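Data from work-v2.pdb: PDB, C-alpha atoms and all ligand atoms
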MODEL        1
ATOM      1  CA  MET A   1       9.350 -14.541   5.071  1.00  0.00           C
ATOM      2  CA  SER A   2       9.690 -13.048   8.549  1.00  0.00           C
ATOM      3  CA  ASP A   3       7.138 -10.738  10.170  1.00  0.00           C
ATOM      4  CA  ARG A   4       9.716  -7.991  10.089  1.00  0.00           C
ATOM      5  CA  SER A   5      10.210  -8.085   6.330  1.00  0.00           C
ATOM      6  CA  LEU A   6       6.448  -8.260   5.767  1.00  0.00           C
ATOM      7  CA  TYR A   7       6.063  -5.176   7.958  1.00  0.00           C
ATOM      8  CA  ASP A   8       8.833  -3.401   6.052  1.00  0.00           C
ATOM      9  CA  ARG A   9       7.171  -4.210   2.740  1.00  0.00           C
ATOM     10  CA  TYR A  10       3.815  -3.057   4.077  1.00  0.00           C
ATOM     11  CA  MET A  11       5.304   0.251   5.277  1.00  0.00           C
ATOM     12  CA  ALA A  12       7.209   0.766   2.030  1.00  0.00           C
ATOM     13  CA  ALA A  13       4.040   0.165  -0.002  1.00  0.00           C
ATOM     14  CA  ALA A  14       2.075   2.564   2.214  1.00  0.00           C
ATOM     15  CA  ARG A  15       4.727   5.215   1.746  1.00  0.00           C
ATOM     16  CA  ALA A  16       4.935   4.677  -2.018  1.00  0.00           C
ATOM     17  CA  HIS A  17       1.169   4.976  -2.360  1.00  0.00           C
ATOM     18  CA  ARG A  18       0.991   8.058  -0.126  1.00  0.00           C
ATOM     19  CA  GLU A  19       3.824   9.778  -1.969  1.00  0.00           C
ATOM     20  CA  HIS A  20       2.247   8.992  -5.322  1.00  0.00           C
ATOM     21  CA  ALA A  21      -1.163  10.298  -4.240  1.00  0.00           C
ATOM     22  CA  ALA A  22       0.422  13.484  -2.879  1.00  0.00           C
ATOM     23  CA  THR A  23       1.961  14.354  -6.255  1.00  0.00           C
ATOM     24  CA  CYS A  24      -0.510  12.798  -8.696  1.00  0.00           C
ATOM     25  CA  ALA A  25      -3.117  15.086 -10.264  1.00  0.00           C
ATOM     26  CA  VAL A  26      -5.495  12.181 -10.952  1.00  0.00           C
ATOM     27  CA  CYS A  27      -5.491  10.332  -7.631  1.00  0.00           C
ATOM     28  CA  THR A  28      -8.005  11.812  -5.202  1.00  0.00           C
ATOM     29  CA  GLY A  29     -10.109  10.124  -2.519  1.00  0.00           C
ATOM     30  CA  ASP A  30     -11.627   7.128  -4.283  1.00  0.00           C
ATOM     31  CA  ARG A  31     -10.360   7.947  -7.789  1.00  0.00           C
ATOM     32  CA  ARG A  32      -7.003   6.553  -8.936  1.00  0.00           C
ATOM     33  CA  CYS A  33      -4.857   6.513 -12.054  1.00  0.00           C
ATOM     34  CA  PRO A  34      -3.505   3.127 -13.271  1.00  0.00           C
ATOM     35  CA  ALA A  35      -0.212   3.614 -11.416  1.00  0.00           C
ATOM     36  CA  GLY A  36      -2.074   4.679  -8.293  1.00  0.00           C
ATOM     37  CA  LYS A  37      -4.337   1.625  -8.564  1.00  0.00           C
ATOM     38  CA  ARG A  38      -1.322  -0.647  -8.776  1.00  0.00           C
ATOM     39  CA  LEU A  39       0.294   0.980  -5.736  1.00  0.00           C
ATOM     40  CA  PHE A  40      -2.952   0.852  -3.778  1.00  0.00           C
ATOM     41  CA  ARG A  41      -3.547  -2.807  -4.616  1.00  0.00           C
ATOM     42  CA  LEU A  42      -0.052  -3.706  -3.455  1.00  0.00           C
ATOM     43  CA  PHE A  43      -0.451  -1.670  -0.264  1.00  0.00           C
ATOM     44  CA  SER A  44      -3.860  -3.175   0.390  1.00  0.00           C
ATOM     45  CA  ALA A  45      -2.646  -6.769  -0.154  1.00  0.00           C
ATOM     46  CA  LEU A  46       0.331  -6.272   2.168  1.00  0.00           C
ATOM     47  CA  GLN A  47      -1.862  -4.586   4.774  1.00  0.00           C
ATOM     48  CA  ASP A  48      -4.263  -7.530   4.712  1.00  0.00           C
ATOM     49  CA  ALA A  49      -1.396 -10.004   5.013  1.00  0.00           C
ATOM     50  CA  TYR A  50       0.200  -8.062   7.848  1.00  0.00           C
ATOM     51  CA  LEU A  51      -2.999  -7.478   9.847  1.00  0.00           C
ATOM     52  CA  HIS A  52      -4.142 -11.051   9.305  1.00  0.00           C
ATOM     53  CA  ARG A  53      -0.816 -12.398  10.539  1.00  0.00           C
ATOM     54  CA  ARG A  54      -0.975 -10.226  13.667  1.00  0.00           C
ATOM     55  CA  ARG A  55      -4.502 -11.391  14.401  1.00  0.00           C
ATOM     56  CA  GLY A  56      -3.747 -15.050  13.794  1.00  0.00           C
TER      57      GLY A  56
HETATM   58 ZN    ZN B 101      -2.062   8.610  -9.593  1.00  0.00          ZN
ENDMDL
END
Step by step, read the file and then write its structure as structure tokens.
Amino acid sequence: MSDRSLYDRYMAAARAHREHAATCAVCTGDRRCPAGKRLFRLFSALQDAYLHRRRG
């Protein structure tokens, strides 16, 4: 996997999570619905992978 596609996946996950949180009645601050949790976990995992790769 190239850095570019990892970055794209990271950005797509960030956008998906942000868009979900903006329209979801349950997701606020530190509280998340199951779908929001899934989106946040994916975003968080990709963010870690991306930031770690940049650092390393
Ligand atoms: Zn939600």
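Environment of ligand ZN 101 (chain B), defined as every protein or nucleic acid residue with an atom within 12 Å of it and counting only C-alpha atoms and all ligand atoms, comprises Ala16, His17, Arg18, Glu19, His20, Ala21, Ala22, Thr23, Cys24, Ala25, Val26, Cys27, Thr28, Gly29, Asp30, Arg31, Arg32, Cys33, Pro34, Ala35, Gly36, Lys37, Arg38, Leu39 and Phe40 of chain A.
The closest residue to Arg54 (chain A), picked from A:Arg15, A:Arg4, A:Arg41, A:Arg9 and counting only C-alpha atoms, is A:Arg4.
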Just the residues within 7 Å of region 43-53 of chain A, please, counting only C-alpha atoms, with nothing from its chain fewer than 2 positions along; format it as a compact mmCIF listing (two decimals) with C-alpha atoms, in the coordinates of the input.
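Once everything was written out, this is result32.txt:
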# COMPACT_ATOMS: atom_id res chain seq x y z
CA LEU A 6 6.45 -8.26 5.77
CA TYR A 7 6.06 -5.18 7.96
CA TYR A 10 3.82 -3.06 4.08
CA ALA A 13 4.04 0.16 0.00
CA ALA A 14 2.08 2.56 2.21
CA LEU A 39 0.29 0.98 -5.74
CA PHE A 40 -2.95 0.85 -3.78
CA ARG A 41 -3.55 -2.81 -4.62
CA ARG A 55 -4.50 -11.39 14.40
CA GLY A 56 -3.75 -15.05 13.79
Report, as AutoDock Vina command-line options, the axis-aligned box around all atoms of region 8-17 of chain A present in the file, extended by 8 Å on each side; give centre and edge lengths in Å to one decimal place.
--center_x 5.0 --center_y 0.5 --center_z 1.8 --size_x 23.7 --size_y 25.4 --size_z 24.4
